[in-house]
$ cat my_file_22.cif   # mmCIF, C-alpha atoms
data_structure
loop_
_atom_site.group_PDB
_atom_site.id
_atom_site.type_symbol
_atom_site.label_atom_id
_atom_site.label_comp_id
_atom_site.auth_asym_id
_atom_site.auth_seq_id
_atom_site.Cartn_x
_atom_site.Cartn_y
_atom_site.Cartn_z
ATOM 1 C CA MET A 11 0.000 0.000 0.000
ATOM 2 C CA ALA A 12 2.827 2.423 0.798
ATOM 3 C CA ARG A 13 4.284 1.826 -2.654
ATOM 4 C CA ASP A 14 0.922 2.698 -4.222
ATOM 5 C CA VAL A 15 0.762 5.945 -2.251
ATOM 6 C CA GLU A 16 4.254 6.845 -3.456
ATOM 7 C CA LYS A 17 3.078 6.288 -7.032
ATOM 8 C CA MET A 18 -0.023 8.417 -6.420
ATOM 9 C CA VAL A 19 2.079 11.266 -5.056
ATOM 10 C CA ALA A 20 4.527 10.931 -7.966
ATOM 11 C CA VAL A 21 1.682 11.117 -10.497
ATOM 12 C CA GLY A 22 0.284 14.169 -8.703
ATOM 13 C CA LEU A 23 3.683 15.867 -8.740
ATOM 14 C CA ILE A 24 4.098 15.166 -12.451
ATOM 15 C CA TRP A 25 0.593 16.377 -13.247
ATOM 16 C CA GLY A 26 1.047 19.526 -11.171
ATOM 17 C CA SER A 27 4.426 20.445 -12.592
ATOM 18 C CA THR A 28 3.364 19.781 -16.173
ATOM 19 C CA ASN A 29 0.135 21.760 -15.677
ATOM 20 C CA ALA A 30 2.231 24.829 -14.897
ATOM 21 C CA LEU A 31 4.629 24.098 -17.765
ATOM 22 C CA ILE A 32 1.779 23.528 -20.242
ATOM 23 C CA ARG A 33 0.271 26.870 -19.259
ATOM 24 C CA ARG A 34 3.624 28.579 -19.692
ATOM 25 C CA GLY A 35 4.119 26.875 -23.073
ATOM 26 C CA ALA A 36 0.679 28.018 -24.228
ATOM 27 C CA ILE A 37 1.434 31.595 -23.192
ATOM 28 C CA LEU A 38 4.777 31.496 -25.018
ATOM 29 C CA TRP A 39 3.095 30.068 -28.117
ATOM 30 C CA ASP A 40 0.433 32.781 -28.039
ATOM 31 C CA LYS A 41 3.139 35.443 -27.855
ATOM 32 C CA LYS A 42 5.154 33.819 -30.655
ATOM 33 C CA SER A 43 2.206 33.304 -32.981
ATOM 34 C CA GLY A 44 0.392 36.518 -32.152
ATOM 35 C CA ASN A 45 -2.838 34.634 -31.449
ATOM 36 C CA SER A 46 -5.439 36.010 -29.137
ATOM 37 C CA PRO A 47 -8.998 34.903 -28.422
ATOM 38 C CA SER A 48 -10.387 38.078 -30.016
ATOM 39 C CA SER A 49 -8.432 37.679 -33.263
ATOM 40 C CA SER A 50 -10.804 35.153 -34.868
ATOM 41 C CA HIS A 51 -12.818 36.423 -37.806
ATOM 42 C CA THR A 52 -16.542 35.863 -37.429
ATOM 43 C CA SER A 53 -17.158 36.367 -41.144
ATOM 44 C CA GLN A 54 -15.039 33.364 -42.212
ATOM 45 C CA LYS A 55 -16.771 30.347 -43.682
ATOM 46 C CA LEU A 56 -16.996 27.253 -41.536
ATOM 47 C CA HIS A 57 -14.458 25.202 -43.505
ATOM 48 C CA HIS A 58 -11.924 28.060 -43.340
ATOM 49 C CA LYS A 59 -12.409 28.267 -39.575
ATOM 50 C CA LEU A 60 -11.982 24.511 -39.274
ATOM 51 C CA ILE A 61 -8.795 24.465 -41.356
ATOM 52 C CA SER A 62 -7.431 27.448 -39.435
ATOM 53 C CA SER A 63 -8.188 25.775 -36.090
ATOM 54 C CA LEU A 64 -6.575 22.503 -37.154
ATOM 55 C CA THR A 65 -3.490 24.355 -38.401
ATOM 56 C CA ASP A 66 -3.248 26.237 -35.101
ATOM 57 C CA LEU A 67 -3.578 22.970 -33.165
ATOM 58 C CA LEU A 68 -0.864 21.289 -35.222
ATOM 59 C CA ASN A 69 1.460 24.275 -34.789
ATOM 60 C CA LEU A 70 0.809 24.251 -31.039
ATOM 61 C CA LEU A 71 1.610 20.541 -30.815
ATOM 62 C CA LEU A 72 4.842 21.137 -32.741
ATOM 63 C CA PHE A 73 5.884 23.851 -30.257
ATOM 64 C CA TRP A 74 8.143 21.886 -27.892
ATOM 65 C CA GLN A 75 7.571 24.160 -24.876
ATOM 66 C CA TYR A 76 3.959 22.999 -24.965
ATOM 67 C CA SER A 77 4.124 19.496 -26.428
ATOM 68 C CA VAL A 78 6.859 18.006 -24.214
ATOM 69 C CA PRO A 79 5.075 18.787 -20.913
ATOM 70 C CA PHE A 80 1.795 17.731 -22.542
ATOM 71 C CA LEU A 81 3.214 14.309 -23.466
ATOM 72 C CA VAL A 82 4.717 13.854 -19.986
ATOM 73 C CA ASN A 83 1.322 14.780 -18.511
ATOM 74 C CA LEU A 84 -0.410 12.192 -20.699
ATOM 75 C CA SER A 85 2.132 9.576 -19.632
ATOM 76 C CA ALA A 86 1.295 10.313 -16.002
ATOM 77 C CA SER A 87 -2.390 9.872 -16.867
ATOM 78 C CA ALA A 88 -1.673 6.408 -18.264
ATOM 79 C CA THR A 89 0.271 5.586 -15.096
ATOM 80 C CA PHE A 90 -2.649 6.775 -12.971
ATOM 81 C CA PHE A 91 -5.103 4.508 -14.790
ATOM 82 C CA ALA A 92 -2.716 1.569 -14.399
ATOM 83 C CA LEU A 93 -2.436 2.427 -10.704
ATOM 84 C CA LEU A 94 -6.207 2.194 -10.316
ATOM 85 C CA ASN A 95 -5.956 -1.561 -10.968
ATOM 86 C CA ASP A 96 -4.286 -2.079 -7.578
ATOM 87 C CA ALA A 97 -5.260 0.917 -5.460
ATOM 88 C CA PRO A 98 -8.688 1.810 -4.080
ATOM 89 C CA ILE A 99 -10.206 4.701 -5.974
ATOM 90 C CA SER A 100 -11.361 6.261 -2.686
ATOM 91 C CA LEU A 101 -7.688 6.759 -1.816
ATOM 92 C CA ALA A 102 -6.109 7.232 -5.249
ATOM 93 C CA VAL A 103 -8.279 10.124 -6.398
ATOM 94 C CA PRO A 104 -8.017 12.358 -3.302
ATOM 95 C CA VAL A 105 -4.287 11.788 -2.847
ATOM 96 C CA THR A 106 -3.439 12.312 -6.511
ATOM 97 C CA ASN A 107 -5.722 15.328 -7.009
ATOM 98 C CA ALA A 108 -4.580 17.027 -3.805
ATOM 99 C CA THR A 109 -0.946 16.500 -4.748
ATOM 100 C CA THR A 110 -1.660 17.843 -8.243
ATOM 101 C CA PHE A 111 -3.266 20.972 -6.823
ATOM 102 C CA ALA A 112 -0.363 21.629 -4.463
ATOM 103 C CA ALA A 113 2.277 20.933 -7.117
ATOM 104 C CA THR A 114 0.538 23.216 -9.630
ATOM 105 C CA ALA A 115 0.557 26.057 -7.087
ATOM 106 C CA VAL A 116 4.206 25.561 -6.150
ATOM 107 C CA PHE A 117 5.472 25.128 -9.725
ATOM 108 C CA GLY A 118 3.392 28.101 -10.846
ATOM 109 C CA MET A 119 5.093 30.230 -8.198
ATOM 110 C CA LEU A 120 8.507 28.892 -9.258
ATOM 111 C CA LEU A 121 7.729 29.872 -12.860
ATOM 112 C CA GLY A 122 6.887 33.404 -11.752
ATOM 113 C CA GLU A 123 3.087 33.354 -11.938
ATOM 114 C CA ASN A 124 1.333 36.020 -9.919
ATOM 115 C CA THR A 125 -0.064 34.238 -6.883
ATOM 116 C CA HIS A 126 -0.590 34.975 -3.249
ATOM 117 C CA GLY A 127 2.550 33.119 -2.154
ATOM 118 C CA GLY A 128 1.778 32.924 1.541
ATOM 119 C CA LEU A 129 -1.772 31.709 1.025
ATOM 120 C CA ALA A 130 -0.663 29.229 -1.623
ATOM 121 C CA LEU A 131 1.964 27.797 0.705
ATOM 122 C CA LEU A 132 -0.535 27.657 3.577
ATOM 123 C CA GLY A 133 -2.997 25.812 1.354
ATOM 124 C CA THR A 134 -0.240 23.470 0.213
ATOM 125 C CA GLY A 135 0.561 22.750 3.858
ATOM 126 C CA PHE A 136 -3.083 21.869 4.506
ATOM 127 C CA ILE A 137 -3.031 19.580 1.485
ATOM 128 C CA VAL A 138 0.043 17.772 2.787
ATOM 129 C CA ILE A 139 -1.665 17.300 6.159
ATOM 130 C CA GLY A 140 -4.802 16.025 4.398
ATOM 131 C CA ILE A 141 -2.809 13.510 2.367
ATOM 132 C CA TRP A 142 -1.046 12.357 5.517
ATOM 133 C CA LEU A 143 -4.446 11.841 7.195
ATOM 134 C CA CYS A 144 -5.679 9.840 4.201
ATOM 135 C CA ILE A 145 -2.760 7.448 4.208
ATOM 136 C CA THR A 146 -2.459 6.873 7.954
#

$ encode --input "my_file_22.cif" --output "structure tokens"
Amino acid sequence: MARDVEKMVAVGLIWGSTNALIRRGAILWDKKSGNSPSSSHTSQKLHHKLISSLTDLLNLLLFWQYSVPFLVNLSASATFFALLNDAPISLAVPVTNATTFAATAVFGMLLGENTHGGLALLGTGFIVIGIWLCIT
């Protein structure tokens, strides 16, 4: 059981760190490509919009700052589903999601996102205590 909890925490850490990196990659891609949500043309025909959206998606997936963390995140998802074969879902989901939330907050702060650092660290501390209560 302890080994399963270690895997759950590892998956949560990977998800949390890659969440922050994916967000950063998307922001960098937006800056590089000059895309913004308001730049879409409402007068375009449907097939032009579809082709434009697919081209944007392909270009985003080819942007390594986005795609590498995305692929690592997906790998952690596959690991999580494999973990559910042996671990009770009533333990796996809270531990993994809580760890993901805490890791996203910490990695976001490390990447320079504007957050309330003290409150984020306090919340992360509560999450760690909650995980400890779940596994003991």

$ atom_distance --input "my_file_22.cif" --atom1 "atom CA of Thr106 of chain A" --atom2 "atom CA of Val19 of chain A"
5.8 Å

$ atom_distance --input "my_file_22.cif" --atom1 "atom CA of Ser85 of chain A" --atom2 "atom CA of Ala112 of chain A"
19.5 Å

$ closest_residue --input "my_file_22.cif" --among "A:Leu121, A:Ile141, A:Thr65, A:His58" --to "Pro104 of chain A" --atoms "only C-alpha atoms"
A:Ile141

$ atom_distance --input "my_file_22.cif" --atom1 "atom CA of Gly35 of chain A" --atom2 "atom CA of Met119 of chain A"
15.3 Å

$ residues_around --input "my_file_22.cif" --residues "Ala30 of chain A" --least-positions-apart "4" --cutoff "8 Å" --atoms "only C-alpha atoms" --output "ChimeraX atom specification"
/A:26,34,114,117-118,121

$ write_last_selection --input "my_file_22.cif" --atoms "C-alpha atoms" --output "compact mmCIF listing (two decimals), in the frame of the given file"
# COMPACT_ATOMS: atom_id res chain seq x y z
CA GLY A 26 1.05 19.53 -11.17
CA ARG A 34 3.62 28.58 -19.69
CA THR A 114 0.54 23.22 -9.63
CA PHE A 117 5.47 25.13 -9.72
CA GLY A 118 3.39 28.10 -10.85
CA LEU A 121 7.73 29.87 -12.86

$ residues_around --input "my_file_22.cif" --residues "segment 68-70 of chain A" --least-positions-apart "2" --cutoff "12 Å" --atoms "only C-alpha atoms" --output "ChimeraX atom specification"
/A:32,35-43,45,61-66,72-78,80

$ residues_near_point --input "my_file_22.cif" --point "(-2.0, 11.3, 3.8)" --cutoff "9 Å" --atoms "all atoms listed in the file" --output "NGL selection string"
:A and (15 or 105 or 137-146)

$ closest_residue --input "my_file_22.cif" --among "A:Pro79, A:Ala12, A:Leu131, A:Glu123" --to "Asp96 of chain A" --atoms "only C-alpha atoms"
A:Ala12

$ closest_residue --input "my_file_22.cif" --among "A:Thr125, A:Asn83, A:Thr89, A:Thr134" --to "Ala108 of chain A" --atoms "all atoms listed in the file"
A:Thr134

$ closest_residue --input "my_file_22.cif" --among "A:Ala130, A:Leu81, A:Ser87, A:Gly44" --to "Ala113 of chain A" --atoms "all atoms listed in the file"
A:Ala130

$ closest_residue --input "my_file_22.cif" --among "A:Val21, A:Leu60, A:Ala88, A:Leu94" --to "Phe111 of chain A" --atoms "only C-alpha atoms"
A:Val21

$ residues_around --input "my_file_22.cif" --residues "Met18 of chain A" --least-positions-apart "5" --cutoff "9 Å" --atoms "all atoms listed in the file" --output "ChimeraX atom specification"
/A:13,23,90,93,102-103,105-107,109

$ closest_residue --input "my_file_22.cif" --among "A:Leu132, A:Ala86, A:Leu120, A:Ala115" --to "Lys17 of chain A" --atoms "all atoms listed in the file"
A:Ala86

$ decode --input "my_file_22.cif" --residues "segment 125-138 of chain A" --atoms "all heavy atoms" --output "compact mmCIF listing (two decimals), in the first residue's frame"
# COMPACT_ATOMS: atom_id res chain seq x y z
N THR A 125 0.79 34.94 -7.85
CA THR A 125 -0.06 34.24 -6.88
C THR A 125 0.13 34.88 -5.52
O THR A 125 1.07 35.65 -5.31
CB THR A 125 0.29 32.74 -6.78
OG1 THR A 125 1.66 32.64 -6.37
CG2 THR A 125 0.10 32.00 -8.07
N HIS A 126 -0.74 34.56 -4.64
CA HIS A 126 -0.59 34.98 -3.25
C HIS A 126 0.27 33.91 -2.59
O HIS A 126 -0.24 32.90 -2.11
CB HIS A 126 -1.94 35.11 -2.56
CG HIS A 126 -2.84 36.12 -3.19
ND1 HIS A 126 -2.60 37.47 -3.10
CD2 HIS A 126 -3.95 35.99 -3.96
CE1 HIS A 126 -3.54 38.12 -3.77
NE2 HIS A 126 -4.36 37.25 -4.30
N GLY A 127 1.58 34.12 -2.59
CA GLY A 127 2.55 33.12 -2.15
C GLY A 127 2.27 32.55 -0.78
O GLY A 127 2.29 31.33 -0.60
N GLY A 128 2.03 33.40 0.18
CA GLY A 128 1.78 32.92 1.54
C GLY A 128 0.54 32.05 1.63
O GLY A 128 0.56 30.98 2.24
N LEU A 129 -0.54 32.50 1.00
CA LEU A 129 -1.77 31.71 1.03
C LEU A 129 -1.62 30.40 0.26
O LEU A 129 -2.15 29.36 0.67
CB LEU A 129 -2.93 32.53 0.46
CG LEU A 129 -3.39 33.73 1.30
CD1 LEU A 129 -4.46 34.52 0.57
CD2 LEU A 129 -3.89 33.27 2.65
N ALA A 130 -0.89 30.45 -0.85
CA ALA A 130 -0.66 29.23 -1.62
C ALA A 130 0.15 28.22 -0.82
O ALA A 130 -0.15 27.02 -0.82
CB ALA A 130 0.03 29.55 -2.94
N LEU A 131 1.16 28.70 -0.12
CA LEU A 131 1.96 27.80 0.71
C LEU A 131 1.17 27.28 1.90
O LEU A 131 1.31 26.11 2.28
CB LEU A 131 3.24 28.50 1.16
CG LEU A 131 4.25 28.78 0.05
CD1 LEU A 131 5.44 29.55 0.60
CD2 LEU A 131 4.71 27.49 -0.61
N LEU A 132 0.32 28.12 2.48
CA LEU A 132 -0.54 27.66 3.58
C LEU A 132 -1.49 26.57 3.09
O LEU A 132 -1.66 25.53 3.72
CB LEU A 132 -1.33 28.84 4.17
CG LEU A 132 -2.31 28.50 5.29
CD1 LEU A 132 -1.56 28.02 6.52
CD2 LEU A 132 -3.18 29.71 5.61
N GLY A 133 -2.11 26.82 1.93
CA GLY A 133 -3.00 25.81 1.35
C GLY A 133 -2.27 24.53 1.02
O GLY A 133 -2.78 23.42 1.24
N THR A 134 -1.05 24.65 0.51
CA THR A 134 -0.24 23.47 0.21
C THR A 134 0.06 22.70 1.49
O THR A 134 0.02 21.46 1.50
CB THR A 134 1.06 23.88 -0.51
OG1 THR A 134 0.72 24.56 -1.71
CG2 THR A 134 1.93 22.68 -0.82
N GLY A 135 0.34 23.41 2.57
CA GLY A 135 0.56 22.75 3.86
C GLY A 135 -0.67 21.98 4.31
O GLY A 135 -0.55 20.84 4.79
N PHE A 136 -1.85 22.57 4.16
CA PHE A 136 -3.08 21.87 4.51
C PHE A 136 -3.28 20.63 3.64
O PHE A 136 -3.76 19.59 4.11
CB PHE A 136 -4.29 22.80 4.39
CG PHE A 136 -4.42 23.78 5.52
CD1 PHE A 136 -4.70 25.11 5.26
CD2 PHE A 136 -4.27 23.38 6.83
CE1 PHE A 136 -4.83 26.02 6.29
CE2 PHE A 136 -4.40 24.28 7.88
CZ PHE A 136 -4.67 25.61 7.62
N ILE A 137 -2.92 20.73 2.39
CA ILE A 137 -3.03 19.58 1.49
C ILE A 137 -2.12 18.45 1.94
O ILE A 137 -2.53 17.28 1.98
CB ILE A 137 -2.73 20.00 0.03
CG1 ILE A 137 -3.88 20.85 -0.51
CG2 ILE A 137 -2.48 18.78 -0.85
CD1 ILE A 137 -3.60 21.51 -1.84
N VAL A 138 -0.89 18.80 2.31
CA VAL A 138 0.04 17.77 2.79
C VAL A 138 -0.50 17.10 4.04
O VAL A 138 -0.45 15.87 4.17
CB VAL A 138 1.44 18.40 3.04
CG1 VAL A 138 2.36 17.42 3.76
CG2 VAL A 138 2.06 18.85 1.72
